[in-house]
>>> print(open('query35.cif').read())   # mmCIF, C-alpha atoms
data_upload
#
loop_
_atom_site.group_PDB
_atom_site.id
_atom_site.type_symbol
_atom_site.label_atom_id
_atom_site.label_comp_id
_atom_site.auth_asym_id
_atom_site.auth_seq_id
_atom_site.Cartn_x
_atom_site.Cartn_y
_atom_site.Cartn_z
ATOM 1 C CA MET R 1 63.068 -26.570 5.607
ATOM 2 C CA ASN R 2 62.942 -27.207 1.860
ATOM 3 C CA HIS R 3 65.357 -25.679 -0.650
ATOM 4 C CA PRO R 4 66.533 -22.645 1.371
ATOM 5 C CA GLU R 5 68.666 -21.654 -1.614
ATOM 6 C CA LEU R 6 65.451 -20.439 -3.238
ATOM 7 C CA THR R 7 65.407 -17.608 -0.722
ATOM 8 C CA GLN R 8 68.710 -16.357 -2.128
ATOM 9 C CA GLN R 9 67.384 -16.819 -5.649
ATOM 10 C CA ALA R 10 64.381 -14.646 -4.807
ATOM 11 C CA LEU R 11 66.547 -12.009 -3.140
ATOM 12 C CA GLY R 12 68.697 -11.978 -6.271
ATOM 13 C CA ILE R 13 65.785 -10.794 -8.428
ATOM 14 C CA LEU R 14 64.094 -8.581 -5.819
ATOM 15 C CA ARG R 15 63.085 -5.366 -7.608
ATOM 16 C CA ASN R 16 65.616 -6.193 -10.325
ATOM 17 C CA THR R 17 64.554 -4.656 -13.626
ATOM 18 C CA ASP R 18 66.468 -7.310 -15.563
ATOM 19 C CA THR R 19 63.429 -9.592 -15.196
ATOM 20 C CA PHE R 20 61.095 -7.082 -16.867
ATOM 21 C CA GLN R 21 58.694 -8.385 -19.526
ATOM 22 C CA TRP R 22 56.406 -6.262 -21.695
ATOM 23 C CA TYR R 23 53.218 -7.952 -20.467
ATOM 24 C CA PHE R 24 53.791 -6.050 -17.189
ATOM 25 C CA ILE R 25 52.188 -2.987 -18.842
ATOM 26 C CA PRO R 26 48.996 -4.455 -20.383
ATOM 27 C CA LEU R 27 48.367 -6.462 -17.203
ATOM 28 C CA PHE R 28 48.377 -3.226 -15.217
ATOM 29 C CA ALA R 29 46.168 -1.598 -17.861
ATOM 30 C CA PHE R 30 43.605 -4.416 -17.550
ATOM 31 C CA VAL R 31 43.413 -3.948 -13.777
ATOM 32 C CA VAL R 32 42.966 -0.178 -14.163
ATOM 33 C CA TYR R 33 40.264 -0.751 -16.792
ATOM 34 C CA ILE R 34 38.382 -3.148 -14.507
ATOM 35 C CA TYR R 35 38.310 -0.582 -11.697
ATOM 36 C CA PHE R 36 37.425 2.334 -13.968
ATOM 37 C CA ASN R 37 34.583 0.292 -15.427
ATOM 38 C CA GLU R 38 33.227 -0.498 -11.954
ATOM 39 C CA ILE R 39 33.572 3.145 -10.932
ATOM 40 C CA GLN R 40 31.728 4.230 -14.086
ATOM 41 C CA ASN R 41 28.932 1.827 -13.155
ATOM 42 C CA LYS R 42 29.000 3.189 -9.574
ATOM 43 C CA ASN R 43 29.666 -0.255 -8.125
ATOM 44 C CA TRP R 44 31.211 1.273 -5.031
ATOM 45 C CA LYS R 45 30.552 -1.825 -2.930
ATOM 46 C CA GLY R 46 32.533 -3.995 -5.336
ATOM 47 C CA VAL R 47 35.357 -1.455 -5.466
ATOM 48 C CA ALA R 48 35.471 -1.407 -1.659
ATOM 49 C CA ALA R 49 35.622 -5.214 -1.556
ATOM 50 C CA GLY R 50 38.448 -5.249 -4.077
ATOM 51 C CA LEU R 51 40.531 -2.576 -2.378
ATOM 52 C CA SER R 52 39.946 -4.053 1.088
ATOM 53 C CA LEU R 53 41.337 -7.428 0.046
ATOM 54 C CA TYR R 54 44.228 -5.740 -1.748
ATOM 55 C CA MET R 55 45.208 -3.752 1.321
ATOM 56 C CA VAL R 56 45.121 -6.885 3.504
ATOM 57 C CA HIS R 57 47.183 -8.681 0.847
ATOM 58 C CA TRP R 58 49.895 -6.011 1.007
ATOM 59 C CA PHE R 59 49.920 -6.088 4.805
ATOM 60 C CA TYR R 60 50.544 -9.840 4.718
ATOM 61 C CA GLU R 61 53.250 -9.552 2.061
ATOM 62 C CA ILE R 62 55.103 -6.950 4.106
ATOM 63 C CA LEU R 63 54.887 -9.190 7.188
ATOM 64 C CA ASN R 64 56.195 -12.133 5.138
ATOM 65 C CA ALA R 65 59.123 -10.007 3.969
ATOM 66 C CA LEU R 66 59.849 -8.957 7.560
ATOM 67 C CA ILE R 67 59.829 -12.618 8.607
ATOM 68 C CA GLN R 68 62.488 -13.196 5.953
ATOM 69 C CA HIS R 69 64.579 -10.317 7.265
ATOM 70 C CA PHE R 70 64.504 -11.423 10.901
ATOM 71 C CA SER R 71 64.612 -15.216 10.477
ATOM 72 C CA GLY R 72 66.492 -15.603 7.205
ATOM 73 C CA HIS R 73 63.582 -17.152 5.309
ATOM 74 C CA ALA R 74 60.072 -16.018 4.418
ATOM 75 C CA LEU R 75 57.092 -18.366 4.666
ATOM 76 C CA TRP R 76 56.632 -18.186 0.889
ATOM 77 C CA THR R 77 58.881 -16.946 -1.893
ATOM 78 C CA VAL R 78 58.719 -16.177 -5.598
ATOM 79 C CA PRO R 79 62.165 -17.204 -6.868
ATOM 80 C CA ASP R 80 61.408 -17.163 -10.600
ATOM 81 C CA GLY R 81 58.870 -16.516 -13.336
ATOM 82 C CA THR R 82 57.874 -12.928 -12.581
ATOM 83 C CA SER R 83 58.351 -9.789 -14.634
ATOM 84 C CA PHE R 84 59.099 -7.837 -11.447
ATOM 85 C CA LEU R 85 59.463 -9.089 -7.869
ATOM 86 C CA LEU R 86 57.892 -6.491 -5.579
ATOM 87 C CA LEU R 87 58.636 -8.230 -2.272
ATOM 88 C CA ILE R 88 60.179 -11.633 -1.610
ATOM 89 C CA GLY R 89 56.811 -13.390 -1.705
ATOM 90 C CA VAL R 90 54.918 -11.461 -4.356
ATOM 91 C CA GLY R 91 55.607 -10.761 -8.005
ATOM 92 C CA TRP R 92 53.802 -8.264 -10.182
ATOM 93 C CA GLU R 93 51.467 -10.884 -11.633
ATOM 94 C CA LEU R 94 50.287 -12.165 -8.242
ATOM 95 C CA SER R 95 49.808 -8.638 -6.965
ATOM 96 C CA MET R 96 47.662 -7.677 -9.964
ATOM 97 C CA MET R 97 45.532 -10.772 -9.451
ATOM 98 C CA PHE R 98 44.968 -9.888 -5.796
ATOM 99 C CA ALA R 99 44.172 -6.323 -6.844
ATOM 100 C CA VAL R 100 40.951 -7.550 -8.474
ATOM 101 C CA ALA R 101 40.224 -10.794 -6.573
ATOM 102 C CA GLY R 102 37.960 -9.207 -3.974
ATOM 103 C CA LEU R 103 36.077 -7.256 -6.628
ATOM 104 C CA ILE R 104 35.595 -10.302 -8.861
ATOM 105 C CA PHE R 105 34.401 -12.609 -6.103
ATOM 106 C CA SER R 106 32.073 -9.970 -4.676
ATOM 107 C CA LYS R 107 29.907 -10.493 -7.760
ATOM 108 C CA VAL R 108 28.722 -13.873 -6.449
ATOM 109 C CA LEU R 109 27.556 -12.453 -3.100
ATOM 110 C CA PRO R 110 23.777 -12.578 -2.567
ATOM 111 C CA ASP R 111 21.968 -9.270 -2.197
ATOM 112 C CA ASP R 112 20.871 -10.181 1.324
ATOM 113 C CA PRO R 113 23.924 -10.065 3.624
ATOM 114 C CA LYS R 114 22.025 -11.996 6.328
ATOM 115 C CA MET R 115 20.975 -14.938 4.161
ATOM 116 C CA LYS R 116 22.375 -18.275 5.303
ATOM 117 C CA ILE R 117 23.783 -21.121 3.222
ATOM 118 C CA LEU R 118 23.978 -24.499 4.975
ATOM 119 C CA GLY R 119 23.360 -22.645 8.218
ATOM 120 C CA ILE R 120 26.300 -20.272 7.676
ATOM 121 C CA ASN R 121 26.061 -16.563 6.950
ATOM 122 C CA ASN R 122 26.609 -16.246 3.208
ATOM 123 C CA ARG R 123 29.438 -13.710 3.587
ATOM 124 C CA VAL R 124 31.326 -16.202 5.760
ATOM 125 C CA PHE R 125 30.313 -19.152 3.553
ATOM 126 C CA PHE R 126 31.731 -17.555 0.415
ATOM 127 C CA ALA R 127 34.848 -16.404 2.266
ATOM 128 C CA LEU R 128 35.493 -20.012 3.301
ATOM 129 C CA GLY R 129 34.765 -21.318 -0.195
ATOM 130 C CA ASN R 130 36.954 -18.749 -1.922
ATOM 131 C CA ALA R 131 39.748 -19.320 0.607
ATOM 132 C CA ALA R 132 39.578 -23.075 0.003
ATOM 133 C CA PHE R 133 39.772 -22.568 -3.776
ATOM 134 C CA PHE R 134 42.818 -20.303 -3.519
ATOM 135 C CA SER R 135 44.552 -22.590 -1.017
ATOM 136 C CA ILE R 136 44.075 -25.657 -3.217
ATOM 137 C CA PHE R 137 45.289 -23.757 -6.278
ATOM 138 C CA GLU R 138 48.370 -22.718 -4.326
ATOM 139 C CA ILE R 139 49.285 -26.411 -4.027
ATOM 140 C CA PHE R 140 49.768 -26.364 -7.795
ATOM 141 C CA LEU R 141 51.754 -23.128 -7.667
ATOM 142 C CA ALA R 142 54.070 -24.583 -5.021
ATOM 143 C CA ARG R 143 54.936 -27.400 -7.443
ATOM 144 C CA THR R 144 56.196 -24.931 -10.048
ATOM 145 C CA PRO R 145 59.604 -23.205 -10.126
ATOM 146 C CA ALA R 146 57.872 -19.845 -9.699
ATOM 147 C CA PHE R 147 56.445 -20.209 -6.193
ATOM 148 C CA HIS R 148 57.730 -21.942 -3.085
ATOM 149 C CA TRP R 149 56.646 -22.770 0.463
ATOM 150 C CA VAL R 150 59.920 -22.663 2.373
ATOM 151 C CA TYR R 151 58.975 -24.543 5.536
ATOM 152 C CA GLU R 152 57.568 -28.062 5.635
ATOM 153 C CA TRP R 153 54.855 -27.058 8.108
ATOM 154 C CA TRP R 154 53.671 -24.188 5.897
ATOM 155 C CA GLY R 155 51.241 -25.373 3.246
ATOM 156 C CA ALA R 156 47.659 -25.288 1.989
ATOM 157 C CA PHE R 157 45.930 -25.657 5.369
ATOM 158 C CA PRO R 158 47.921 -22.948 7.239
ATOM 159 C CA VAL R 159 47.474 -20.692 4.198
ATOM 160 C CA PHE R 160 43.727 -21.393 4.218
ATOM 161 C CA ILE R 161 43.343 -20.567 7.922
ATOM 162 C CA THR R 162 45.761 -17.690 8.426
ATOM 163 C CA THR R 163 45.815 -15.971 5.045
ATOM 164 C CA TYR R 164 42.968 -16.532 2.621
ATOM 165 C CA ILE R 165 40.115 -16.594 5.132
ATOM 166 C CA PRO R 166 41.104 -13.108 6.441
ATOM 167 C CA PHE R 167 41.530 -11.896 2.834
ATOM 168 C CA PHE R 168 37.988 -12.814 1.833
ATOM 169 C CA LEU R 169 36.350 -11.975 5.147
ATOM 170 C CA ALA R 170 37.738 -8.459 4.749
ATOM 171 C CA ALA R 171 36.433 -8.223 1.183
ATOM 172 C CA ASN R 172 33.008 -9.702 1.880
ATOM 173 C CA PHE R 173 32.260 -7.704 5.019
ATOM 174 C CA ALA R 174 33.639 -4.480 3.542
ATOM 175 C CA TYR R 175 31.188 -4.973 0.675
ATOM 176 C CA ASP R 176 28.287 -4.269 3.078
ATOM 177 C CA TRP R 177 29.819 -1.567 5.238
ATOM 178 C CA GLU R 178 28.642 2.014 5.017
ATOM 179 C CA PRO R 179 30.909 4.181 2.810
ATOM 180 C CA ARG R 180 32.519 5.945 5.773
ATOM 181 C CA LYS R 181 33.601 2.654 7.342
ATOM 182 C CA GLN R 182 34.834 1.352 3.971
ATOM 183 C CA LYS R 183 36.977 4.434 3.461
ATOM 184 C CA MET R 184 38.319 4.283 7.018
ATOM 185 C CA PHE R 185 39.307 0.614 6.724
ATOM 186 C CA ILE R 186 40.931 0.962 3.307
ATOM 187 C CA GLY R 187 42.563 4.289 4.135
ATOM 188 C CA THR R 188 43.949 3.106 7.472
ATOM 189 C CA LEU R 189 45.461 -0.045 5.987
ATOM 190 C CA PHE R 190 46.832 1.934 3.059
ATOM 191 C CA GLY R 191 48.522 4.314 5.493
ATOM 192 C CA ILE R 192 49.987 1.467 7.554
ATOM 193 C CA ASN R 193 51.240 -0.351 4.448
ATOM 194 C CA ALA R 194 52.713 2.812 2.945
ATOM 195 C CA ALA R 195 54.476 3.700 6.195
ATOM 196 C CA MET R 196 55.934 0.199 6.528
ATOM 197 C CA LEU R 197 57.153 0.220 2.926
ATOM 198 C CA ILE R 198 58.770 3.640 3.351
ATOM 199 C CA VAL R 199 60.501 2.610 6.578
ATOM 200 C CA PHE R 200 61.345 -1.059 5.966
ATOM 201 C CA ALA R 201 61.955 -0.992 2.210
ATOM 202 C CA GLY R 202 62.968 2.605 1.566
ATOM 203 C CA ILE R 203 64.889 3.744 4.637
ATOM 204 C CA LEU R 204 66.106 0.600 6.410
ATOM 205 C CA LYS R 205 66.136 -1.576 3.273
ATOM 206 C CA TRP R 206 65.119 -4.623 5.304
ATOM 207 C CA ILE R 207 62.620 -5.831 2.716
#
>>> encode(input="query35.cif", output="structure tokens")
Amino acid sequence: MNHPELTQQALGILRNTDTFQWYFIPLFAFVVYIYFNEIQNKNWKGVAAGLSLYMVHWFYEILNALIQHFSGHALWTVPDGTSFLLLIGVGWELSMMFAVAGLIFSKVLPDDPKMKILGINNRVFFALGNAAFFSIFEIFLARTPAFHWVYEWWGAFPVFITTYIPFFLAANFAYDWEPRKQKMFIGTLFGINAAMLIVFAGILKWI
């Protein structure tokens, strides 16, 4: 285990308004603008991809926070550098990035969902490529004071396999689903995430 004191540092700023910075507001405004622009253009498939990834992201962050509660340390923490720490492993800035990641990367998906690239279905191919990009970039983040992998065995490859591949598979496959299935997936995950936040953060105050 590396630098377990960073867990306490993260807990010390968890939902602490003393870390607030004014860029919190325009960053949120930019995300809202991006979605409103896509809605205006009736890019419902892109919106579904974006929201699907975002719901999976929140599910993972809640699980990471629960791991911290039960074991004493999360798999990843954000001990510094955020304008508002939402949960132990995600600050406002990271959350806003994930809010639009699925939407942004859906724009490179080919029109034909069955087309293959190097023998791999293009939805899977781009999910693997996007996951690899995010995992490699996270190596840089983990070298900064603002983001930390707590355990020695938790790093870019486990993140690639267990986290980012599911993120982008959800986004890329949701992009092609019929509207009813998109709404069901997003709505169900939203309900699960909201219930867990109410119970574990609001009532029990575990996270």
>>> axis_aligned_box(input="query35.cif", around="range 7-20 of chain R", padding_each_side="5 Å", output="AutoDock Vina command-line options")
--center_x 64.9 --center_y -11.1 --center_z -8.8 --size_x 17.6 --size_y 23.0 --size_z 26.1
>>> resolve_selection(input="query35.cif", expression="the PyMOL selection byres ((chain R and resi 54) around 12)", output="ChimeraX atom specification")
/R:47-53,55-61,94-103,164,166-168,170-171,174,185-187,189-190,193
>>> write_last_selection(input="query35.cif", atoms="C-alpha atoms", output="PDB file, in the coordinates of the input")
ATOM      1  CA  VAL R  47      35.357  -1.455  -5.466  1.00  0.00           C
ATOM      2  CA  ALA R  48      35.471  -1.407  -1.659  1.00  0.00           C
ATOM      3  CA  ALA R  49      35.622  -5.214  -1.556  1.00  0.00           C
ATOM      4  CA  GLY R  50      38.448  -5.249  -4.077  1.00  0.00           C
ATOM      5  CA  LEU R  51      40.531  -2.576  -2.378  1.00  0.00           C
ATOM      6  CA  SER R  52      39.946  -4.053   1.088  1.00  0.00           C
ATOM      7  CA  LEU R  53      41.337  -7.428   0.046  1.00  0.00           C
ATOM      8  CA  MET R  55      45.208  -3.752   1.321  1.00  0.00           C
ATOM      9  CA  VAL R  56      45.121  -6.885   3.504  1.00  0.00           C
ATOM     10  CA  HIS R  57      47.183  -8.681   0.847  1.00  0.00           C
ATOM     11  CA  TRP R  58      49.895  -6.011   1.007  1.00  0.00           C
ATOM     12  CA  PHE R  59      49.920  -6.088   4.805  1.00  0.00           C
ATOM     13  CA  TYR R  60      50.544  -9.840   4.718  1.00  0.00           C
ATOM     14  CA  GLU R  61      53.250  -9.552   2.061  1.00  0.00           C
ATOM     15  CA  LEU R  94      50.287 -12.165  -8.242  1.00  0.00           C
ATOM     16  CA  SER R  95      49.808  -8.638  -6.965  1.00  0.00           C
ATOM     17  CA  MET R  96      47.662  -7.677  -9.964  1.00  0.00           C
ATOM     18  CA  MET R  97      45.532 -10.772  -9.451  1.00  0.00           C
ATOM     19  CA  PHE R  98      44.968  -9.888  -5.796  1.00  0.00           C
ATOM     20  CA  ALA R  99      44.172  -6.323  -6.844  1.00  0.00           C
ATOM     21  CA  VAL R 100      40.951  -7.550  -8.474  1.00  0.00           C
ATOM     22  CA  ALA R 101      40.224 -10.794  -6.573  1.00  0.00           C
ATOM     23  CA  GLY R 102      37.960  -9.207  -3.974  1.00  0.00           C
ATOM     24  CA  LEU R 103      36.077  -7.256  -6.628  1.00  0.00           C
ATOM     25  CA  TYR R 164      42.968 -16.532   2.621  1.00  0.00           C
ATOM     26  CA  PRO R 166      41.104 -13.108   6.441  1.00  0.00           C
ATOM     27  CA  PHE R 167      41.530 -11.896   2.834  1.00  0.00           C
ATOM     28  CA  PHE R 168      37.988 -12.814   1.833  1.00  0.00           C
ATOM     29  CA  ALA R 170      37.738  -8.459   4.749  1.00  0.00           C
ATOM     30  CA  ALA R 171      36.433  -8.223   1.183  1.00  0.00           C
ATOM     31  CA  ALA R 174      33.639  -4.480   3.542  1.00  0.00           C
ATOM     32  CA  PHE R 185      39.307   0.614   6.724  1.00  0.00           C
ATOM     33  CA  ILE R 186      40.931   0.962   3.307  1.00  0.00           C
ATOM     34  CA  GLY R 187      42.563   4.289   4.135  1.00  0.00           C
ATOM     35  CA  LEU R 189      45.461  -0.045   5.987  1.00  0.00           C
ATOM     36  CA  PHE R 190      46.832   1.934   3.059  1.00  0.00           C
ATOM     37  CA  ASN R 193      51.240  -0.351   4.448  1.00  0.00           C
TER      38      ASN R 193
END
>>> atom_distance(input="query35.cif", atom1="CA of Gly46 in chain R", atom2="CA of Ile34 in chain R")
10.9 Å
>>> closest_atom_pairs(input="query35.cif", of="range 96-168 of chain R", to="range 73-91 of chain R", cutoff="6 Å", atoms="only C-alpha atoms", output="JSON lines")
{"residue": "R:Ala146", "atom": "CA", "partner": "R:Asp80", "partner_atom": "CA", "distance": 4.5}
{"residue": "R:Phe147", "atom": "CA", "partner": "R:Val78", "partner_atom": "CA", "distance": 4.7}
{"residue": "R:His148", "atom": "CA", "partner": "R:Thr77", "partner_atom": "CA", "distance": 5.3}
{"residue": "R:Trp149", "atom": "CA", "partner": "R:Trp76", "partner_atom": "CA", "distance": 4.6}
{"residue": "R:Val150", "atom": "CA", "partner": "R:Leu75", "partner_atom": "CA", "distance": 5.6}
>>> resolve_selection(input="query35.cif", expression="the PyMOL selection byres ((chain R and resi 133) around 12)", output="PyMOL selection string")
chain R and resi 105+126-132+134-140+156-157+159-160+164-165+168
>>> atom_distance(input="query35.cif", atom1="CA of Ala194 in chain R", atom2="CA of Gln68 in chain R")
19.0 Å
>>> atom_distance(input="query35.cif", atom1="CA of Thr163 in chain R", atom2="CA of Lys116 in chain R")
23.6 Å
>>> residues_around(input="query35.cif", residues="Ala201 in chain R", least_positions_apart="2", cutoff="12 Å", atoms="only C-alpha atoms", output="ChimeraX atom specification")
/R:14-15,62-63,65-66,69,86-88,193-199,203-207
>>> closest_residue(input="query35.cif", among="R:Lys45, R:Trp92, R:Glu38, R:Pro158", to="Gln21 in chain R", atoms="all atoms listed in the file")
R:Trp92
>>> decode(input="query35.cif", residues="range 22-78 of chain R", atoms="C-alpha atoms", output="compact mmCIF listing (two decimals), in the first residue's frame")
# COMPACT_ATOMS: atom_id res chain seq x y z
CA TRP R 22 -15.12 29.80 -9.23
CA TYR R 23 -14.33 27.69 -12.30
CA PHE R 24 -16.73 25.10 -10.81
CA ILE R 25 -19.62 27.14 -12.28
CA PRO R 26 -18.47 27.73 -15.89
CA LEU R 27 -17.30 24.11 -16.13
CA PHE R 28 -20.82 22.97 -15.27
CA ALA R 29 -22.24 25.52 -17.72
CA PHE R 30 -20.06 24.12 -20.53
CA VAL R 31 -21.32 20.59 -19.88
CA VAL R 32 -24.95 21.77 -19.88
CA TYR R 33 -24.34 23.70 -23.11
CA ILE R 34 -22.85 20.63 -24.80
CA TYR R 35 -25.90 18.54 -23.94
CA PHE R 36 -28.40 21.25 -24.86
CA ASN R 37 -26.65 21.69 -28.19
CA GLU R 38 -26.85 17.95 -28.91
CA ILE R 39 -30.50 17.89 -27.86
CA GLN R 40 -31.23 20.85 -30.14
CA ASN R 41 -29.61 18.92 -32.99
CA LYS R 42 -31.65 15.83 -32.01
CA ASN R 43 -28.51 13.74 -31.54
CA TRP R 44 -30.34 11.40 -29.20
CA LYS R 45 -27.91 8.55 -29.84
CA GLY R 46 -24.97 10.67 -28.71
CA VAL R 47 -26.88 11.87 -25.65
CA ALA R 48 -27.69 8.26 -24.76
CA ALA R 49 -24.02 7.29 -25.11
CA GLY R 50 -22.96 10.16 -22.90
CA LEU R 51 -25.50 9.52 -20.16
CA SER R 52 -24.90 5.75 -20.22
CA LEU R 53 -21.19 6.19 -19.55
CA TYR R 54 -21.92 8.79 -16.89
CA MET R 55 -24.29 6.49 -15.03
CA VAL R 56 -21.74 3.64 -15.11
CA HIS R 57 -19.09 6.11 -13.90
CA TRP R 58 -21.20 7.04 -10.87
CA PHE R 59 -21.91 3.39 -10.08
CA TYR R 60 -18.17 2.69 -10.01
CA GLU R 61 -17.41 5.76 -7.89
CA ILE R 62 -20.00 4.73 -5.32
CA LEU R 63 -18.52 1.21 -5.21
CA ASN R 64 -15.03 2.70 -4.76
CA ALA R 65 -16.31 4.81 -1.87
CA LEU R 66 -17.92 1.75 -0.29
CA ILE R 67 -14.62 -0.12 -0.60
CA GLN R 68 -13.04 2.73 1.35
CA HIS R 69 -15.70 2.50 4.05
CA PHE R 70 -15.40 -1.25 4.56
CA SER R 71 -11.64 -1.72 4.06
CA GLY R 72 -10.26 1.63 5.16
CA HIS R 73 -8.91 2.59 1.74
CA ALA R 74 -10.45 3.13 -1.69
CA LEU R 75 -8.78 1.83 -4.85
CA TRP R 76 -8.26 5.41 -6.04
CA THR R 77 -8.47 8.75 -4.26
CA VAL R 78 -8.48 12.45 -5.07
